[in-house]
>>> print(open('target_2.txt').read())   # compact mmCIF, C-alpha atoms and all ligand atoms
# COMPACT_ATOMS: atom_id res chain seq x y z
CA MET A 1 0.00 0.00 0.00
CA THR A 2 1.38 3.41 -0.93
CA SER A 3 -0.15 6.28 0.95
CA LYS A 4 -0.85 9.61 -0.71
CA TYR A 5 -0.04 12.91 0.92
CA MET A 6 -0.57 16.65 0.62
CA THR A 7 2.44 18.84 1.33
CA GLY A 8 2.95 21.69 3.79
CA PHE A 9 3.00 22.37 7.51
CA GLY A 10 -0.16 23.72 9.14
CA ASN A 11 -1.87 24.31 5.82
CA VAL A 12 -5.63 24.46 5.47
CA PHE A 13 -6.16 21.26 3.52
CA GLU A 14 -9.20 19.76 1.87
CA THR A 15 -9.51 16.19 0.67
CA GLU A 16 -12.26 13.76 -0.27
CA ALA A 17 -12.11 10.01 -0.83
CA LEU A 18 -15.33 10.09 -2.89
CA PRO A 19 -16.09 12.78 -5.46
CA GLY A 20 -18.34 15.50 -4.12
CA ALA A 21 -18.20 14.26 -0.51
CA LEU A 22 -16.94 17.61 0.70
CA PRO A 23 -19.75 20.18 1.03
CA LEU A 24 -19.01 23.32 -0.93
CA GLY A 25 -19.37 26.82 0.47
CA ARG A 26 -20.47 25.83 3.98
CA ASN A 27 -19.42 23.49 6.77
CA SER A 28 -22.83 22.23 7.88
CA PRO A 29 -25.36 21.82 5.08
CA GLN A 30 -28.79 20.59 6.11
CA LYS A 31 -27.96 17.25 4.55
CA ALA A 32 -24.28 16.57 3.87
CA PRO A 33 -23.38 14.73 0.61
CA TYR A 34 -23.65 10.90 0.66
CA GLY A 35 -25.70 11.14 3.89
CA LEU A 36 -22.54 11.82 5.88
CA TYR A 37 -22.50 13.46 9.28
CA ALA A 38 -20.59 16.75 9.67
CA GLU A 39 -18.42 16.98 12.78
CA GLN A 40 -15.91 19.58 13.94
CA LEU A 41 -12.71 18.50 15.69
CA SER A 42 -11.24 21.41 17.63
CA GLY A 43 -7.53 21.29 18.37
CA SER A 44 -7.45 24.77 19.90
CA PRO A 45 -10.00 26.80 21.86
CA PHE A 46 -12.55 28.35 19.48
CA THR A 47 -11.17 31.76 20.36
CA ALA A 48 -7.44 31.05 19.94
CA PRO A 49 -5.61 33.64 17.81
CA ARG A 50 -5.61 32.83 14.14
CA SER A 51 -1.92 31.88 14.23
CA THR A 52 -2.63 29.01 16.62
CA ASN A 53 -6.27 28.29 15.82
CA GLU A 54 -6.67 24.72 14.62
CA ARG A 55 -9.76 22.78 13.71
CA SER A 56 -10.98 20.44 11.01
CA TRP A 57 -14.39 19.50 9.65
CA LEU A 58 -14.90 15.78 9.23
CA TYR A 59 -17.62 14.25 7.01
CA ARG A 60 -18.19 10.76 8.29
CA ILE A 61 -20.45 7.74 8.05
CA ARG A 62 -21.39 7.95 11.74
CA PRO A 63 -20.71 10.81 14.16
CA SER A 64 -18.07 9.92 16.73
CA VAL A 65 -20.66 9.81 19.54
CA ARG A 66 -21.51 6.47 17.91
CA HIS A 67 -17.89 5.38 18.26
CA VAL A 68 -16.84 6.57 21.68
CA SER A 69 -19.51 6.80 24.34
CA ASP A 70 -19.64 4.02 26.93
CA PHE A 71 -16.39 3.37 28.74
CA GLU A 72 -15.07 0.70 31.02
CA ALA A 73 -11.78 0.88 32.86
CA HIS A 74 -8.81 -0.70 31.09
CA SER A 75 -5.40 -1.59 32.39
CA LEU A 76 -2.18 -0.58 30.60
CA PRO A 77 0.17 -0.42 33.57
CA LEU A 78 3.32 0.43 31.62
CA TRP A 79 1.85 3.47 29.86
CA ARG A 80 2.17 6.10 32.58
CA SER A 81 1.36 9.78 32.83
CA ALA A 82 2.91 12.66 34.73
CA PRO A 83 3.30 13.17 37.58
CA THR A 84 5.35 10.09 38.52
CA PRO A 85 7.92 11.69 40.83
CA HIS A 86 10.46 9.75 42.86
CA GLU A 87 9.48 6.30 41.63
CA GLY A 88 12.90 5.42 40.39
CA GLY A 89 14.80 5.23 43.66
CA LEU A 90 17.58 7.75 43.30
CA PRO A 91 15.73 10.25 41.12
CA ILE A 92 18.75 12.09 39.81
CA GLY A 93 21.97 11.42 37.96
CA ALA A 94 22.74 10.64 34.35
CA ARG A 95 21.07 7.49 33.10
CA ARG A 96 21.56 5.40 29.98
CA TRP A 97 19.79 2.30 28.74
CA ASP A 98 20.46 -0.30 26.09
CA PRO A 99 17.43 -0.94 23.86
CA VAL A 100 14.19 -2.13 25.45
CA PRO A 101 13.99 -5.85 24.59
CA MET A 102 11.51 -6.91 21.94
CA PRO A 103 8.60 -8.80 23.52
CA GLU A 104 8.20 -12.54 23.09
CA ALA A 105 4.47 -12.55 23.83
CA SER A 106 2.09 -11.19 21.22
CA THR A 107 2.10 -7.40 21.68
CA THR A 108 0.31 -4.64 19.80
CA PHE A 109 1.44 -1.02 19.73
CA VAL A 110 -0.95 -0.02 22.53
CA GLU A 111 0.16 -2.92 24.69
CA GLY A 112 3.79 -2.18 23.86
CA ILE A 113 4.04 1.41 25.11
CA ARG A 114 6.56 1.61 27.97
CA THR A 115 6.96 4.94 29.70
CA ILE A 116 10.56 5.89 30.42
CA THR A 117 10.12 9.43 31.81
CA THR A 118 7.34 11.84 32.62
CA ALA A 119 7.43 15.61 33.18
CA GLY A 120 4.86 18.14 34.32
CA ASP A 121 1.24 17.22 34.85
CA VAL A 122 -1.04 15.58 32.34
CA SER A 123 -4.20 17.16 33.78
CA ALA A 124 -2.66 20.63 33.68
CA GLN A 125 -1.95 20.16 29.95
CA SER A 126 1.70 20.86 30.63
CA GLY A 127 4.74 18.64 30.21
CA MET A 128 5.37 15.43 28.38
CA ALA A 129 6.25 11.77 28.58
CA SER A 130 9.04 9.91 26.81
CA HIS A 131 8.04 6.39 25.86
CA VAL A 132 9.41 3.48 23.90
CA TYR A 133 7.02 1.29 21.88
CA VAL A 134 7.63 -2.32 20.99
CA ALA A 135 5.19 -4.34 18.89
CA ASN A 136 5.08 -7.63 17.05
CA LYS A 137 1.41 -7.62 16.13
CA SER A 138 -0.74 -5.17 14.18
CA MET A 139 -3.75 -3.66 15.90
CA GLU A 140 -6.72 -5.44 14.30
CA ASP A 141 -10.14 -3.90 14.84
CA GLU A 142 -8.51 -2.01 17.69
CA TYR A 143 -8.04 1.74 17.89
CA LEU A 144 -6.63 4.37 20.19
CA LEU A 145 -7.87 7.81 21.16
CA ASN A 146 -5.39 9.74 23.31
CA ALA A 147 -7.06 12.81 24.79
CA ASP A 148 -3.95 13.59 26.84
CA GLY A 149 -1.66 14.85 24.14
CA GLU A 150 -0.37 14.63 20.62
CA LEU A 151 1.95 11.73 19.86
CA LEU A 152 5.28 12.17 18.11
CA PHE A 153 6.47 8.86 16.63
CA VAL A 154 10.19 8.28 16.07
CA PRO A 155 10.55 4.76 14.64
CA GLU A 156 13.86 3.02 15.15
CA HIS A 157 13.14 -0.47 13.86
CA GLY A 158 10.43 -1.68 11.49
CA ASP A 159 8.08 0.32 9.28
CA ILE A 160 4.68 1.19 10.70
CA ARG A 161 1.40 2.27 9.17
CA LEU A 162 -0.77 4.73 11.09
CA CYS A 163 -4.36 4.34 9.94
CA THR A 164 -6.08 7.48 11.23
CA GLU A 165 -9.48 9.10 10.94
CA MET A 166 -7.96 11.54 8.47
CA GLY A 167 -5.93 9.16 6.32
CA VAL A 168 -3.03 6.72 6.28
CA ILE A 169 0.60 7.52 7.10
CA GLU A 170 3.51 5.13 6.61
CA ILE A 171 6.84 5.79 8.30
CA GLU A 172 10.21 4.10 8.57
CA ALA A 173 13.34 4.72 10.65
CA GLY A 174 14.54 8.23 9.77
CA GLU A 175 11.00 9.56 9.49
CA ILE A 176 8.63 10.88 12.15
CA ALA A 177 4.88 11.33 12.40
CA VAL A 178 2.62 13.36 14.65
CA ILE A 179 -0.89 12.27 15.55
CA PRO A 180 -2.93 15.16 16.99
CA ARG A 181 -4.50 14.96 20.43
CA GLY A 182 -7.87 13.22 20.29
CA MET A 183 -7.47 11.59 16.88
CA ILE A 184 -8.55 7.95 16.57
CA PHE A 185 -6.04 5.64 14.90
CA ARG A 186 -4.55 2.17 14.82
CA VAL A 187 -0.97 1.06 14.24
CA GLU A 188 -0.14 -1.70 11.78
CA LEU A 189 3.22 -3.35 11.29
CA VAL A 190 4.41 -3.27 7.70
CA ASP A 191 7.41 -5.61 7.76
CA GLY A 192 7.54 -7.43 11.08
CA PRO A 193 8.27 -6.33 14.63
CA ALA A 194 8.66 -2.64 15.33
CA ARG A 195 10.30 -0.51 17.96
CA GLY A 196 10.62 3.22 18.34
CA TYR A 197 10.35 6.23 20.57
CA LEU A 198 7.23 8.18 21.32
CA CYS A 199 6.90 11.63 22.79
CA GLU A 200 3.53 12.37 24.32
CA ASN A 201 3.05 16.12 24.38
CA TYR A 202 0.59 17.31 27.01
CA GLY A 203 1.30 20.99 26.25
CA GLY A 204 1.25 23.46 23.36
CA LYS A 205 1.06 21.86 19.93
CA LEU A 206 4.30 21.08 18.15
CA ALA A 207 5.12 23.81 15.67
CA LEU A 208 8.02 24.86 13.52
CA PRO A 209 10.54 26.93 15.49
CA GLU A 210 11.22 30.56 14.57
CA ARG A 211 14.30 30.93 12.37
CA GLY A 212 15.37 34.40 13.50
CA PRO A 213 18.37 35.68 11.52
CA ILE A 214 18.57 32.39 9.61
CA GLY A 215 15.79 33.82 7.45
CA ALA A 216 13.10 32.14 5.42
CA ASN A 217 14.82 28.83 4.57
CA CYS A 218 16.64 25.82 6.00
CA LEU A 219 16.13 23.70 9.12
CA ALA A 220 12.78 21.92 8.68
CA ASN A 221 11.09 23.44 5.65
CA ALA A 222 7.29 23.54 5.68
CA ARG A 223 6.96 21.99 2.23
CA ASP A 224 8.58 18.76 3.37
CA PHE A 225 5.79 17.91 5.82
CA LYS A 226 3.13 15.56 4.52
CA THR A 227 -0.51 15.13 5.54
CA PRO A 228 -2.48 12.13 4.26
CA VAL A 229 -5.43 12.36 1.90
CA ALA A 230 -8.83 11.19 3.20
CA ALA A 231 -9.30 7.40 3.40
CA PHE A 232 -12.23 5.66 5.02
CA GLU A 233 -13.33 2.20 6.14
CA ASP A 234 -16.95 1.09 5.99
CA ARG A 235 -16.43 -2.07 8.02
CA GLU A 236 -19.03 -3.50 10.39
CA VAL A 237 -17.09 -5.76 12.76
CA PRO A 238 -16.78 -5.86 16.55
CA SER A 239 -14.11 -3.31 17.39
CA THR A 240 -12.45 -1.82 20.46
CA ILE A 241 -11.37 1.76 21.04
CA PHE A 242 -8.87 2.37 23.83
CA VAL A 243 -9.12 5.83 25.33
CA LYS A 244 -6.49 7.55 27.43
CA TRP A 245 -7.92 10.47 29.35
CA CYS A 246 -6.19 12.37 32.19
CA GLY A 247 -3.73 9.55 32.69
CA ARG A 248 -6.35 6.80 32.96
CA HIS A 249 -7.07 4.09 30.44
CA TYR A 250 -10.55 3.11 29.25
CA ARG A 251 -12.04 0.96 26.53
CA THR A 252 -15.24 1.06 24.56
CA GLU A 253 -16.68 -1.66 22.31
CA ILE A 254 -18.44 -0.83 19.05
CA GLY A 255 -19.69 -2.70 16.01
CA HIS A 256 -17.80 -0.92 13.26
CA SER A 257 -14.57 0.79 12.29
CA PRO A 258 -14.38 4.37 13.59
CA LEU A 259 -12.12 5.32 10.66
CA ASP A 260 -15.16 6.35 8.63
CA VAL A 261 -14.26 9.89 7.56
CA VAL A 262 -14.94 10.14 3.83
CA ALA A 263 -13.84 13.75 3.42
CA TRP A 264 -12.36 16.50 5.55
CA HIS A 265 -11.05 20.02 5.45
CA GLY A 266 -9.10 22.11 7.94
CA ASN A 267 -5.72 22.52 9.58
CA TYR A 268 -5.93 20.02 12.47
CA ALA A 269 -4.47 16.87 10.97
CA PRO A 270 -1.75 14.25 11.32
CA TYR A 271 1.49 14.59 9.41
CA LYS A 272 4.83 12.96 8.69
CA TYR A 273 8.31 14.29 8.00
CA ASP A 274 11.52 12.73 6.77
CA LEU A 275 14.31 13.84 9.12
CA ARG A 276 16.75 13.52 6.22
CA ASP A 277 15.01 16.54 4.66
CA PHE A 278 16.27 18.70 7.53
CA SER A 279 18.75 21.28 6.28
CA PRO A 280 21.14 21.92 9.17
CA VAL A 281 22.71 25.30 9.71
CA GLY A 282 25.79 25.29 11.90
CA ALA A 283 29.19 26.67 12.77
CA ILE A 284 31.13 27.31 9.58
CA LEU A 285 34.22 28.80 11.21
CA PHE A 286 34.57 27.95 14.90
CA ASP A 287 32.83 26.86 18.10
CA HIS A 288 29.97 24.50 18.82
CA PRO A 289 26.57 26.22 18.73
CA ASP A 290 23.71 25.36 21.05
CA PRO A 291 21.74 22.29 19.94
CA SER A 292 18.65 24.44 19.46
CA ILE A 293 19.94 25.01 15.90
CA PHE A 294 18.79 21.45 15.21
CA THR A 295 15.20 21.92 16.44
CA VAL A 296 12.74 20.27 14.09
CA LEU A 297 9.58 21.01 16.08
CA THR A 298 8.89 22.89 19.27
CA SER A 299 6.01 22.80 21.74
CA PRO A 300 5.82 26.28 23.24
CA SER A 301 5.02 27.10 26.84
CA ALA A 302 3.53 30.43 27.92
CA GLU A 303 7.04 31.76 28.51
CA ALA A 304 8.89 32.96 25.40
CA GLY A 305 11.82 30.76 24.34
CA THR A 306 11.13 28.25 27.11
CA ALA A 307 9.83 25.19 25.37
CA ASN A 308 7.52 22.62 26.83
CA ILE A 309 9.35 20.33 24.38
CA ASP A 310 12.00 20.86 21.76
CA PHE A 311 12.46 17.98 19.38
CA ALA A 312 16.02 18.32 18.05
CA ILE A 313 18.00 15.98 15.81
CA PHE A 314 21.66 15.25 15.29
CA GLY A 315 21.86 13.92 11.74
CA GLU A 316 24.36 13.94 8.90
CA ARG A 317 26.44 17.09 8.76
CA TRP A 318 29.92 18.43 8.21
CA LEU A 319 32.13 19.49 11.09
CA VAL A 320 34.50 22.21 9.95
CA GLY A 321 35.21 24.32 13.05
CA GLU A 322 38.79 25.54 13.26
CA ASN A 323 40.58 25.45 16.60
CA THR A 324 37.41 24.04 18.05
CA PHE A 325 36.47 21.19 20.34
CA ARG A 326 33.83 19.90 17.96
CA PRO A 327 31.60 17.54 19.98
CA PRO A 328 29.08 18.95 22.48
CA TRP A 329 30.67 20.79 25.37
CA TYR A 330 30.38 19.75 29.01
CA HIS A 331 27.37 21.40 30.50
CA ARG A 332 24.55 21.67 32.96
CA ASN A 333 21.18 22.72 31.63
CA ILE A 334 18.01 24.05 33.22
CA MET A 335 16.14 21.97 30.65
CA SER A 336 16.15 18.17 30.80
CA GLU A 337 17.37 16.04 27.93
CA PHE A 338 16.04 12.65 26.87
CA MET A 339 18.07 11.29 23.96
CA GLY A 340 17.60 8.36 21.60
CA LEU A 341 19.51 7.01 18.64
CA VAL A 342 17.72 5.92 15.47
CA TYR A 343 20.84 4.77 13.64
CA GLY A 344 24.59 5.29 13.50
CA GLN A 345 26.88 6.72 16.15
CA TYR A 346 26.60 9.86 18.29
CA ASP A 347 29.80 11.88 18.30
CA ALA A 348 29.84 12.60 22.04
CA LYS A 349 29.33 8.90 22.89
CA GLU A 350 30.75 6.61 20.24
CA GLU A 351 30.42 3.56 22.47
CA GLY A 352 27.59 2.52 24.75
CA PHE A 353 24.85 4.68 23.22
CA VAL A 354 23.40 2.32 20.64
CA PRO A 355 20.44 2.45 18.23
CA GLY A 356 17.27 1.82 20.22
CA GLY A 357 19.05 2.88 23.41
CA MET A 358 18.41 6.09 25.29
CA SER A 359 19.84 8.43 27.86
CA LEU A 360 18.54 10.98 30.33
CA HIS A 361 20.47 14.05 31.45
CA ASN A 362 18.21 15.83 33.86
CA MET A 363 17.72 19.42 34.97
CA MET A 364 21.02 21.03 36.05
CA LEU A 365 22.86 17.72 36.22
CA PRO A 366 26.25 17.57 34.51
CA HIS A 367 27.05 15.62 31.36
CA GLY A 368 29.05 15.84 28.15
CA PRO A 369 31.37 13.84 25.91
CA ASP A 370 32.71 10.62 27.32
CA PHE A 371 36.42 10.12 27.92
CA GLY A 372 37.02 8.55 24.51
CA ALA A 373 35.29 11.38 22.66
CA PHE A 374 37.13 14.01 24.69
CA GLU A 375 40.53 12.47 24.05
CA LYS A 376 39.90 11.91 20.37
CA SER A 377 38.47 15.36 19.68
CA SER A 378 41.00 17.24 21.78
CA ARG A 379 43.85 15.75 19.78
CA ALA A 380 42.24 15.39 16.33
CA ASP A 381 43.66 16.86 13.17
CA LEU A 382 40.87 19.35 12.40
CA LYS A 383 40.23 18.62 8.74
CA PRO A 384 36.62 18.99 7.55
CA GLN A 385 34.86 15.85 8.71
CA LYS A 386 31.53 14.44 7.59
CA LEU A 387 29.35 12.75 10.19
CA SER A 388 27.54 10.21 8.02
CA GLY A 389 24.81 7.65 8.52
CA THR A 390 23.77 8.93 11.91
CA MET A 391 20.51 10.11 13.45
CA ALA A 392 20.27 10.88 17.15
CA PHE A 393 17.54 13.00 18.67
CA MET A 394 16.55 14.77 21.85
CA PHE A 395 13.24 15.37 23.60
CA GLU A 396 14.24 18.41 25.62
CA THR A 397 11.82 19.98 28.07
CA ARG A 398 11.87 22.93 30.43
CA LEU A 399 10.59 20.54 33.12
CA PRO A 400 12.50 17.90 35.05
CA GLN A 401 11.90 14.38 33.76
CA HIS A 402 11.12 11.62 36.24
CA LEU A 403 11.88 7.96 35.76
CA THR A 404 9.08 5.47 36.09
CA GLU A 405 9.28 2.34 38.17
CA TYR A 406 9.57 0.48 34.87
CA SER A 407 12.51 2.46 33.47
CA ALA A 408 14.33 2.53 36.82
CA GLY A 409 14.08 -1.25 36.99
CA LEU A 410 14.74 -2.05 33.33
CA GLU A 411 17.26 -4.82 32.89
CA THR A 412 18.88 -2.74 30.14
CA LEU A 413 19.64 0.20 32.44
CA GLN A 414 23.43 0.57 32.37
CA ASP A 415 24.71 0.54 35.93
CA ASP A 416 28.14 1.73 34.80
CA TYR A 417 27.10 4.67 32.60
CA THR A 418 28.81 7.37 34.64
CA ASP A 419 32.09 5.45 34.34
CA CYS A 420 32.29 6.86 30.80
CA TRP A 421 33.61 10.10 32.37
CA LYS A 422 35.94 8.46 34.90
CA GLY A 423 39.00 8.65 32.66
CA LEU A 424 38.84 12.45 32.39
CA GLN A 425 42.06 13.55 34.03
CA LYS A 426 43.43 16.83 35.17
CA HIS A 427 45.42 18.53 32.40
CA PHE A 428 46.02 21.64 34.46
CA ASP A 429 49.61 21.95 35.59
CA GLY A 430 49.89 25.70 36.06
CA THR A 431 51.34 26.29 32.57
CA PRO A 432 49.25 27.94 29.82
CA GLU A 433 49.71 24.86 27.59
CA GLY A 434 48.49 22.41 30.22
CA ASN A 435 49.76 18.86 30.43
CA TRP A 436 48.53 16.69 27.54
CA ASP A 437 50.93 13.75 27.98
O1 LIG B 501 23.96 16.42 25.76
C1 LIG B 501 23.92 16.16 24.56
O2 LIG B 501 24.65 15.33 24.02
C2 LIG B 501 22.98 16.98 23.66
C3 LIG B 501 23.65 18.23 23.24
C4 LIG B 501 24.23 18.33 22.02
C5 LIG B 501 24.91 19.46 21.66
O3 LIG B 501 25.44 19.54 20.43
C6 LIG B 501 25.03 20.50 22.52
C7 LIG B 501 24.43 20.41 23.76
C8 LIG B 501 23.73 19.27 24.12
O4 LIG B 501 23.10 19.18 25.28
FE FE B 502 23.18 17.96 26.80
>>> encode(input="target_2.txt", output="structure tokens")
Amino acid sequence: MTSKYMTGFGNVFETEALPGALPLGRNSPQKAPYGLYAEQLSGSPFTAPRSTNERSWLYRIRPSVRHVSDFEAHSLPLWRSAPTPHEGGLPIGARRWDPVPMPEASTTFVEGIRTITTAGDVSAQSGMASHVYVANKSMEDEYLLNADGELLFVPEHGDIRLCTEMGVIEIEAGEIAVIPRGMIFRVELVDGPARGYLCENYGGKLALPERGPIGANCLANARDFKTPVAAFEDREVPSTIFVKWCGRHYRTEIGHSPLDVVAWHGNYAPYKYDLRDFSPVGAILFDHPDPSIFTVLTSPSAEAGTANIDFAIFGERWLVGENTFRPPWYHRNIMSEFMGLVYGQYDAKEEGFVPGGMSLHNMMLPHGPDFGAFEKSSRADLKPQKLSGTMAFMFETRLPQHLTEYSAGLETLQDDYTDCWKGLQKHFDGTPEGNWD
């Protein structure tokens, strides 16, 4: 199956899977074409400024009150929501994990969500959660509605297909997708088991960052984002919708597929993006700029420049800085940094940080290149160097991130991570050159 997309970020789109299904000139005709029901899906308050106002009109076989109405409690103990403070024993300190093991038992995407960190408060619509998903089974006649936040998918292994109310998105490692808050969808596996990272954004919607003096081009360009065309299912089979609402899980049983939107228009919609389309702008003479230059998407908070989440990537690029220590510097940061690796090697941690693995460097806690990276880069011949075949990323938030009981107890948690800095010796000997023997 090849999905079809419309291009642009935040555009007002219109799309119909059957000719004439989209009413012309009005949103709510007395009788919508094909006997469809008209329904508005509001992603922002009605009165939000135009720049952040998001809503779509959906023309569907049944209104969603026929899909999602009677709930029973459901248990998904590993999919947690903020706040989860102080579950992980010692709450602070740098942490790194090898990949979450693939499950042996049959596991769908919903069953395979494992929360690694949470930040903020889901009911206050502020903060986020970093998850890993593992799945070896497609969701069949099963769907998810997450009222708690939009979901940013970062696949690491295995292609997945996101069948949503507003169309079908396929993504592979190197691509991302965002499913808006409240959208119903299911996840299918395209080529076997899948694993990836998931950022659940409780706060302001992910948007393109300002470019400032960079100007009108580069970084993530709006035209490279893709939103699916309308696609609907008219399938009458017993089906389950899982609902996550204020951190609790529910389920509702219905007799048909809820993916029954025949046409839609608006600017509240899912999208995908190929991270390899990102055009990095960096230091072309000296020094290592702040990683914010690699921000793909940002979830704003009410405070300017203080993101609820920045999603930044570290992909292919040239390093050309003269008389420069080229990897990231040592630092402490008021924001907290969850990192993952999709493929390749990360220049500050060539060993130990592997694809599918992850690390957490929390608010104001020190970190930086490991001993090997420091030694190598301090002594390297500074010819232009291409970092190839690599894609690391960061979910960075203004809020501290808390481990869950699950992530603190994961068998793949590296108990020797902080040893990676143990070799860093004193080079100070009172002379301006220092001692580099
Ligand atoms: O800690 C990290 O590896 C992420 C990071 C990368 C970088 O280039 C600069 C700062 C930073 O926090
Ligand atoms: Fe950092």
>>> closest_atom_pairs(input="target_2.txt", of="chain A", to="ligand LIG 501 (chain B)", cutoff="8 Å", atoms="all atoms listed in the file", output="CSV")
residue,atom,partner,partner_atom,distance
A:His288,CA,B:LIG501,O3,6.9
A:Pro289,CA,B:LIG501,O3,7.0
A:Asp290,CA,B:LIG501,C6,5.2
A:Pro291,CA,B:LIG501,C6,4.5
A:Phe314,CA,B:LIG501,O3,7.7
A:Pro327,CA,B:LIG501,O3,6.5
A:Pro328,CA,B:LIG501,O3,4.2
A:Trp329,CA,B:LIG501,C6,6.3
A:Tyr330,CA,B:LIG501,O1,7.9
A:His331,CA,B:LIG501,O4,7.1
A:Asn333,CA,B:LIG501,O4,7.5
A:Glu337,CA,B:LIG501,O1,6.9
A:Met339,CA,B:LIG501,C2,7.5
A:Ala348,CA,B:LIG501,O2,6.2
A:His361,CA,B:LIG501,O1,7.1
A:His367,CA,B:LIG501,O1,6.4
A:Gly368,CA,B:LIG501,O1,5.7
A:Pro369,CA,B:LIG501,O2,7.1
A:Met394,CA,B:LIG501,C2,7.0
>>> atom_distance(input="target_2.txt", atom1="CA of Asp148 (chain A)", atom2="CA of Gly247 (chain A)")
7.1 Å
>>> closest_atom_pairs(input="target_2.txt", of="region 56-123 of chain A", to="region 419-425 of chain A", cutoff="12 Å", atoms="all atoms listed in the file", output="JSON lines")
{"residue": "A:Ala94", "atom": "CA", "partner": "A:Asp419", "partner_atom": "CA", "distance": 10.7}
{"residue": "A:Arg95", "atom": "CA", "partner": "A:Asp419", "partner_atom": "CA", "distance": 11.3}
{"residue": "A:Arg96", "atom": "CA", "partner": "A:Cys420", "partner_atom": "CA", "distance": 10.9}
>>> closest_residue(input="target_2.txt", among="A:His74, A:Thr431, A:Gly356, A:Met335", to="ligand FE 502 (chain B)", atoms="all atoms listed in the file")
A:Met335
>>> closest_residue(input="target_2.txt", among="A:Pro280, A:Pro366, A:Pro384, A:Pro63", to="ligand FE 502 (chain B)", atoms="all atoms listed in the file")
A:Pro366
>>> atom_distance(input="target_2.txt", atom1="CA of Gly340 (chain A)", atom2="CA of Ile169 (chain A)")
22.4 Å
>>> residues_around(input="target_2.txt", residues="Cys218 (chain A)", least_positions_apart="3", cutoff="12 Å", atoms="all atoms listed in the file", output="PyMOL selection string")
chain A and resi 208-215+221-224+277-282+293-296
>>> residues_around(input="target_2.txt", residues="region 80-90 of chain A", least_positions_apart="3", cutoff="6 Å", atoms="only C-alpha atoms", output="list of chain:residue names")
A:Thr115, A:Thr118, A:Ala119, A:Gly120, A:Asp121, A:Val122, A:Gly247, A:His402, A:Leu403, A:Thr404, A:Glu405, A:Ala408
>>> write_last_selection(input="target_2.txt", atoms="C-alpha atoms", output="PDB file, keeping the file's coordinate frame")
ATOM      1  CA  THR A 115       6.960   4.940  29.700  1.00  0.00           C
ATOM      2  CA  THR A 118       7.340  11.840  32.620  1.00  0.00           C
ATOM      3  CA  ALA A 119       7.430  15.610  33.180  1.00  0.00           C
ATOM      4  CA  GLY A 120       4.860  18.140  34.320  1.00  0.00           C
ATOM      5  CA  ASP A 121       1.240  17.220  34.850  1.00  0.00           C
ATOM      6  CA  VAL A 122      -1.040  15.580  32.340  1.00  0.00           C
ATOM      7  CA  GLY A 247      -3.730   9.550  32.690  1.00  0.00           C
ATOM      8  CA  HIS A 402      11.120  11.620  36.240  1.00  0.00           C
ATOM      9  CA  LEU A 403      11.880   7.960  35.760  1.00  0.00           C
ATOM     10  CA  THR A 404       9.080   5.470  36.090  1.00  0.00           C
ATOM     11  CA  GLU A 405       9.280   2.340  38.170  1.00  0.00           C
ATOM     12  CA  ALA A 408      14.330   2.530  36.820  1.00  0.00           C
TER      13      ALA A 408
END
>>> residues_around(input="target_2.txt", residues="Ser130 (chain A)", least_positions_apart="5", cutoff="7 Å", atoms="only C-alpha atoms", output="MDAnalysis selection string")
chainID A and resid 115:118 198:200
>>> atom_distance(input="target_2.txt", atom1="CA of Val262 (chain A)", atom2="CA of Asp191 (chain A)")
27.6 Å
>>> closest_residue(input="target_2.txt", among="A:Ile284, A:Ala177, A:Met363, A:Val243", to="ligand FE 502 (chain B)", atoms="all atoms listed in the file")
A:Met363
